[in-house]
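Here the structure is laid out as structure tokens; the discussion comes afterwards.
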Amino acid sequence: AGGNAVVIGGGLLGLEAAEGLRKQGQNKNGMQVSLIQRDDRLMNRQLDITAARLLEAELRSRGLDIFIDAGLDHLTGDDQGRVTGAMLSDGQWLPAECVVVAIGITPNRELGQAAGLEVNRAIVVDETLTSSDSAIHALGECCEFQGNTFGLVEPIWKQVEVLAAHLAGEPTTGYVETPCATKLKVSGVSLYAFGPTEAEPDHDVLTYRDPLQGDYRRLLLHDGRIVGAVLYGDTAMGPWYFEHSLAGTDLGPCRQALLLGAADADALLHEHANPDSPESPVKEAA
Ligand SMILES: Cc1cc2nc3c(=O)[nH]c(=O)nc-3n(C[C@H](O)[C@H](O)[C@H](O)COP(=O)(O)OP(=O)(O)OC[C@H]3O[C@@H](n4cnc5c(N)ncnc54)[C@H](O)[C@@H]3O)c2cc1C
């Protein structure tokens, strides 16, 4: 009963593990869970600093101890070989009977290397998931395509389809990297994100914030097209943004409604595409 757990890594899986442990602990006289994040924010690969701080505040309010910008120096153990805690780089020691490490994947590339395949961080493949040996294919976390490795199922499912078609001799356009949208599976926290976390100088940044409701939305646009979104709280618009981002829709005509809702934005897009349509909203007299 009770006890302490330390989760190392403040990415998607670390957060899900930490919150899962904390909830388990609730039924066992309170397990205290600490989360160590090396970066300056939680989910640094998906969130901007504002959304990350909102998430952090929510998780802290639930009882998670969160250490940002914190490094693990080493784990401590007893003479039975059991873990007793985590020593941070700043000398702080966190007691723990359970440690979860969720710091991302590092493919074991040695197998590919030993087979004489071209490897970099993982087994290098082309758009048909073929390695440097045309009789050997690789997909999933062990492959590297155009310098990227993979740690989520969505792109891997696409790789499966391409490789299956290729092996069956069916025509395929080949594997193409497409952006993935991220959702966090922590109950009571709604979060949706895709694209870059930071704005580039040529990005148009639209933000909406309602501190009372705990809502935050930030869109990055380039030439009227959405290239990235971070939504915290009300995430209903997430799939709409993602769909239009993938389609490369010029959303200039509905820019002023983009943060408000799909109905308003769609109406303006429709009006722009069909200026004489009777269904278009009545224009206000000048
Ligand atoms: C706790 C956890 C939660 C996750 N949650 C999500 C999520 O919510 N959403 C998401 O998109 N992704 C999630 N992921 C990531 C996702 O599971 C992986 O990206 C995905 O499973 C990778 O698929 P894969 O086939 O490349 O590897 P794996 O699913 O790991 O499959 C590899 C298989 O190969 C076997 N194997 C290994 N070596 C050999 C060998 N030499 N010979 C024969 N067999 C071998 C292994 O035993 C394993 O069964 C999660 C991962 C973890 C660990």
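Each chain of the structure tokens is named A, B, ... in the order shown, its residues numbered from 1; ligands are numbered from 1 in display order.
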
Output the neighbourhood of ligand 1 as an mmCIF file with all heavy atoms, in the first residue's frame, that is, all protein and nucleic acid residues with some atom at most 7 Å from the ligand, counting only C-alpha atoms and all ligand atoms.
```cif
data_model
loop_
_atom_site.group_PDB
_atom_site.id
_atom_site.type_symbol
_atom_site.label_atom_id
_atom_site.label_comp_id
_atom_site.auth_asym_id
_atom_site.auth_seq_id
_atom_site.Cartn_x
_atom_site.Cartn_y
_atom_site.Cartn_z
ATOM 1 N N LEU A 13 3.936 8.765 -23.390
ATOM 2 C CA LEU A 13 3.852 7.517 -22.626
ATOM 3 C C LEU A 13 4.182 7.735 -21.154
ATOM 4 O O LEU A 13 3.560 7.132 -20.276
ATOM 5 C CB LEU A 13 4.784 6.460 -23.226
ATOM 6 C CG LEU A 13 4.435 6.012 -24.639
ATOM 7 C CD1 LEU A 13 5.391 4.921 -25.099
ATOM 8 C CD2 LEU A 13 3.006 5.514 -24.715
ATOM 9 N N LEU A 139 10.001 -2.420 -41.485
ATOM 10 C CA LEU A 139 9.016 -1.377 -41.187
ATOM 11 C C LEU A 139 8.825 -1.274 -39.684
ATOM 12 O O LEU A 139 9.280 -2.135 -38.927
ATOM 13 C CB LEU A 139 7.678 -1.646 -41.891
ATOM 14 C CG LEU A 139 6.978 -2.996 -41.784
ATOM 15 C CD1 LEU A 139 6.387 -3.220 -40.418
ATOM 16 C CD2 LEU A 139 5.870 -3.083 -42.822
ATOM 17 N N GLY A 140 8.189 -0.207 -39.281
ATOM 18 C CA GLY A 140 7.947 0.001 -37.852
ATOM 19 C C GLY A 140 9.130 0.663 -37.170
ATOM 20 O O GLY A 140 9.891 1.416 -37.785
ATOM 21 N N GLU A 141 9.286 0.346 -35.898
ATOM 22 C CA GLU A 141 10.282 1.049 -35.090
ATOM 23 C C GLU A 141 11.720 0.717 -35.477
ATOM 24 O O GLU A 141 12.634 1.412 -35.066
ATOM 25 C CB GLU A 141 10.054 0.731 -33.611
ATOM 26 C CG GLU A 141 8.770 1.368 -33.099
ATOM 27 C CD GLU A 141 8.556 1.172 -31.614
ATOM 28 O OE1 GLU A 141 9.258 0.345 -31.003
ATOM 29 O OE2 GLU A 141 7.669 1.847 -31.070
ATOM 30 N N CYS A 142 11.918 -0.369 -36.247
ATOM 31 C CA CYS A 142 13.296 -0.737 -36.596
ATOM 32 C C CYS A 142 13.740 -0.082 -37.897
ATOM 33 O O CYS A 142 14.865 -0.271 -38.324
ATOM 34 C CB CYS A 142 13.440 -2.257 -36.680
ATOM 35 S SG CYS A 142 12.579 -2.969 -38.083
ATOM 36 N N PHE A 150 10.323 5.847 -36.144
ATOM 37 C CA PHE A 150 8.885 5.865 -35.855
ATOM 38 C C PHE A 150 8.587 5.277 -34.479
ATOM 39 O O PHE A 150 9.223 4.306 -34.074
ATOM 40 C CB PHE A 150 8.134 5.088 -36.949
ATOM 41 C CG PHE A 150 8.445 5.631 -38.312
ATOM 42 C CD1 PHE A 150 9.531 5.147 -39.031
ATOM 43 C CD2 PHE A 150 7.719 6.679 -38.831
ATOM 44 C CE1 PHE A 150 9.865 5.689 -40.264
ATOM 45 C CE2 PHE A 150 8.043 7.232 -40.059
ATOM 46 C CZ PHE A 150 9.119 6.733 -40.778
ATOM 47 N N GLY A 151 7.620 5.865 -33.789
ATOM 48 C CA GLY A 151 7.286 5.383 -32.448
ATOM 49 C C GLY A 151 5.799 5.413 -32.170
ATOM 50 O O GLY A 151 5.375 5.279 -31.032
ATOM 51 N N LEU A 152 4.988 5.615 -33.232
ATOM 52 C CA LEU A 152 3.532 5.584 -33.083
ATOM 53 C C LEU A 152 2.943 4.697 -34.173
ATOM 54 O O LEU A 152 3.534 4.540 -35.244
ATOM 55 C CB LEU A 152 2.938 6.997 -33.203
ATOM 56 C CG LEU A 152 3.210 7.951 -32.037
ATOM 57 C CD1 LEU A 152 2.708 9.340 -32.365
ATOM 58 C CD2 LEU A 152 2.584 7.447 -30.743
ATOM 59 N N VAL A 153 1.771 4.141 -33.901
ATOM 60 C CA VAL A 153 1.244 3.141 -34.832
ATOM 61 C C VAL A 153 0.711 3.727 -36.146
ATOM 62 O O VAL A 153 0.744 3.050 -37.176
ATOM 63 C CB VAL A 153 0.147 2.269 -34.182
ATOM 64 C CG1 VAL A 153 0.736 1.396 -33.094
ATOM 65 C CG2 VAL A 153 -0.998 3.101 -33.655
ATOM 66 N N GLU A 154 0.252 4.977 -36.124
ATOM 67 C CA GLU A 154 -0.411 5.484 -37.333
ATOM 68 C C GLU A 154 0.488 5.454 -38.579
ATOM 69 O O GLU A 154 0.090 4.901 -39.616
ATOM 70 C CB GLU A 154 -0.951 6.889 -37.081
ATOM 71 C CG GLU A 154 -2.033 7.242 -38.078
ATOM 72 C CD GLU A 154 -2.678 8.575 -37.775
ATOM 73 O OE1 GLU A 154 -3.026 8.810 -36.611
ATOM 74 O OE2 GLU A 154 -2.827 9.368 -38.715
ATOM 75 N N ILE A 156 3.008 3.666 -38.997
ATOM 76 C CA ILE A 156 3.423 2.275 -39.237
ATOM 77 C C ILE A 156 2.318 1.511 -39.976
ATOM 78 O O ILE A 156 2.591 0.686 -40.848
ATOM 79 C CB ILE A 156 3.808 1.590 -37.903
ATOM 80 C CG1 ILE A 156 4.979 2.344 -37.251
ATOM 81 C CG2 ILE A 156 4.187 0.133 -38.131
ATOM 82 C CD1 ILE A 156 5.396 1.839 -35.886
#
```

Requested in this report: List the neighbours of segment 231-248 of chain A out to 8 Å using only C-alpha atoms; skip same-chain residues closer than 4 positions along the sequence, and give me the result as a PyMOL selection string.
Outcome: chain A and resi 51+54+178-179+181+189-194+213-218+225-227+261-262

Those residues with N, CA and C atoms, as a PDB file, in the first residue's frame please?
```
ATOM      1  N   ALA A  51       0.439  25.647 -23.726  1.00  0.00           N
ATOM      2  CA  ALA A  51      -0.354  24.429 -23.535  1.00  0.00           C
ATOM      3  C   ALA A  51       0.341  23.497 -22.544  1.00  0.00           C
ATOM      4  N   LEU A  54      -0.356  24.625 -19.061  1.00  0.00           N
ATOM      5  CA  LEU A  54      -1.735  24.301 -18.661  1.00  0.00           C
ATOM      6  C   LEU A  54      -1.830  22.831 -18.258  1.00  0.00           C
ATOM      7  N   THR A 178       3.448  11.652 -43.626  1.00  0.00           N
ATOM      8  CA  THR A 178       2.377  12.634 -43.455  1.00  0.00           C
ATOM      9  C   THR A 178       2.322  13.009 -41.976  1.00  0.00           C
ATOM     10  N   PRO A 179       1.908  14.237 -41.683  1.00  0.00           N
ATOM     11  CA  PRO A 179       1.866  14.626 -40.281  1.00  0.00           C
ATOM     12  C   PRO A 179       0.871  13.780 -39.494  1.00  0.00           C
ATOM     13  N   ALA A 181      -1.550  13.554 -35.953  1.00  0.00           N
ATOM     14  CA  ALA A 181      -2.117  14.340 -34.857  1.00  0.00           C
ATOM     15  C   ALA A 181      -1.965  13.542 -33.568  1.00  0.00           C
ATOM     16  N   VAL A 189      -8.311  15.186 -19.489  1.00  0.00           N
ATOM     17  CA  VAL A 189      -7.423  16.159 -20.148  1.00  0.00           C
ATOM     18  C   VAL A 189      -7.652  16.039 -21.651  1.00  0.00           C
ATOM     19  N   SER A 190      -8.117  17.122 -22.269  1.00  0.00           N
ATOM     20  CA  SER A 190      -8.327  17.096 -23.713  1.00  0.00           C
ATOM     21  C   SER A 190      -7.242  17.903 -24.387  1.00  0.00           C
ATOM     22  N   LEU A 191      -6.582  17.257 -25.293  1.00  0.00           N
ATOM     23  CA  LEU A 191      -5.425  17.875 -25.914  1.00  0.00           C
ATOM     24  C   LEU A 191      -5.297  17.326 -27.330  1.00  0.00           C
ATOM     25  N   TYR A 192      -5.025  18.183 -28.273  1.00  0.00           N
ATOM     26  CA  TYR A 192      -4.911  17.756 -29.673  1.00  0.00           C
ATOM     27  C   TYR A 192      -3.828  18.605 -30.309  1.00  0.00           C
ATOM     28  N   ALA A 193      -2.871  17.990 -30.959  1.00  0.00           N
ATOM     29  CA  ALA A 193      -1.775  18.782 -31.523  1.00  0.00           C
ATOM     30  C   ALA A 193      -1.203  18.117 -32.762  1.00  0.00           C
ATOM     31  N   PHE A 194      -0.767  18.939 -33.697  1.00  0.00           N
ATOM     32  CA  PHE A 194       0.031  18.448 -34.825  1.00  0.00           C
ATOM     33  C   PHE A 194       0.896  19.592 -35.336  1.00  0.00           C
ATOM     34  N   GLN A 213     -12.459  28.847 -18.651  1.00  0.00           N
ATOM     35  CA  GLN A 213     -12.837  27.521 -19.155  1.00  0.00           C
ATOM     36  C   GLN A 213     -11.638  26.591 -19.281  1.00  0.00           C
ATOM     37  N   GLY A 214     -10.435  27.176 -19.193  1.00  0.00           N
ATOM     38  CA  GLY A 214      -9.229  26.366 -19.386  1.00  0.00           C
ATOM     39  C   GLY A 214      -9.026  25.996 -20.845  1.00  0.00           C
ATOM     40  N   ASP A 215      -9.509  26.849 -21.753  1.00  0.00           N
ATOM     41  CA  ASP A 215      -9.360  26.565 -23.187  1.00  0.00           C
ATOM     42  C   ASP A 215      -8.198  27.354 -23.776  1.00  0.00           C
ATOM     43  N   TYR A 216      -7.476  26.695 -24.656  1.00  0.00           N
ATOM     44  CA  TYR A 216      -6.381  27.365 -25.351  1.00  0.00           C
ATOM     45  C   TYR A 216      -6.268  26.763 -26.748  1.00  0.00           C
ATOM     46  N   ARG A 217      -6.159  27.629 -27.744  1.00  0.00           N
ATOM     47  CA  ARG A 217      -5.964  27.158 -29.119  1.00  0.00           C
ATOM     48  C   ARG A 217      -4.913  28.027 -29.787  1.00  0.00           C
ATOM     49  N   ARG A 218      -3.994  27.409 -30.466  1.00  0.00           N
ATOM     50  CA  ARG A 218      -3.011  28.180 -31.223  1.00  0.00           C
ATOM     51  C   ARG A 218      -2.814  27.539 -32.587  1.00  0.00           C
ATOM     52  N   ARG A 225      -2.619  28.543 -45.092  1.00  0.00           N
ATOM     53  CA  ARG A 225      -2.825  27.106 -44.845  1.00  0.00           C
ATOM     54  C   ARG A 225      -2.327  26.734 -43.453  1.00  0.00           C
ATOM     55  N   ILE A 226      -3.098  25.882 -42.776  1.00  0.00           N
ATOM     56  CA  ILE A 226      -2.698  25.483 -41.419  1.00  0.00           C
ATOM     57  C   ILE A 226      -1.531  24.505 -41.500  1.00  0.00           C
ATOM     58  N   VAL A 227      -0.454  24.833 -40.785  1.00  0.00           N
ATOM     59  CA  VAL A 227       0.681  23.902 -40.741  1.00  0.00           C
ATOM     60  C   VAL A 227       0.850  23.300 -39.347  1.00  0.00           C
ATOM     61  N   GLY A 261     -15.183  28.054 -34.680  1.00  0.00           N
ATOM     62  CA  GLY A 261     -15.922  26.804 -34.841  1.00  0.00           C
ATOM     63  C   GLY A 261     -16.047  26.444 -36.301  1.00  0.00           C
ATOM     64  N   ALA A 262     -16.241  25.149 -36.564  1.00  0.00           N
ATOM     65  CA  ALA A 262     -16.272  24.668 -37.945  1.00  0.00           C
ATOM     66  C   ALA A 262     -17.447  25.258 -38.719  1.00  0.00           C
TER      67      ALA A 262
END
```

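Here the question is which of A:Leu251, A:Ile123, A:Leu260, A:Ala96 gets nearest to Asn4 of chain A using only C-alpha atoms, and that residue is A:Ala96.
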
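Taking atom CA of Leu219 of chain A and atom CA of Ala199 of chain A as endpoints, the distance between them is 9.3 Å.
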
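Shortest separation to Cys180 of chain A among A:Val100, A:Ile105, A:Gln46, A:Gly71 occurs at residue A:Gln46, atoms counted being only C-alpha atoms.
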
Write out as a tab-separated table a residue-level contact list of segment 107-209 of chain A versus segment 14-20 of chain A with cut-off 12 Å: for each qualifying residue the closest pair of atoms and the distance in Å to one decimal, counting only C-alpha atoms, rows sorted by chain and residue number upward.
```
residue	atom	partner	partner_atom	distance
A:Lys183	CA	A:Glu16	CA	11.1
A:Leu184	CA	A:Glu16	CA	7.6
A:Lys185	CA	A:Glu16	CA	6.5
A:Val186	CA	A:Glu16	CA	6.0
A:Ser187	CA	A:Glu19	CA	9.0
A:Gly188	CA	A:Glu19	CA	11.0
A:Val189	CA	A:Glu19	CA	10.9
```

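Of the residues under consideration (A:Arg41, A:Arg209, A:Lys158, A:Arg62), A:Lys158 shows the shortest atom-to-atom contact distance to Glu127 of chain A when counting only C-alpha atoms.
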
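Using only C-alpha atoms, the smallest distance between any of A:Ala267, A:Ala165, A:Leu258, A:Ile136 and Gly116 of chain A comes from A:Ile136.
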
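Shell of Thr197 of chain A at 8 Å, with only C-alpha atoms counted and residues fewer than 5 places along the chain excluded, is Asn44, Arg45, Gln46, Leu47, Asp48, Gly228 and Val230 of chain A.
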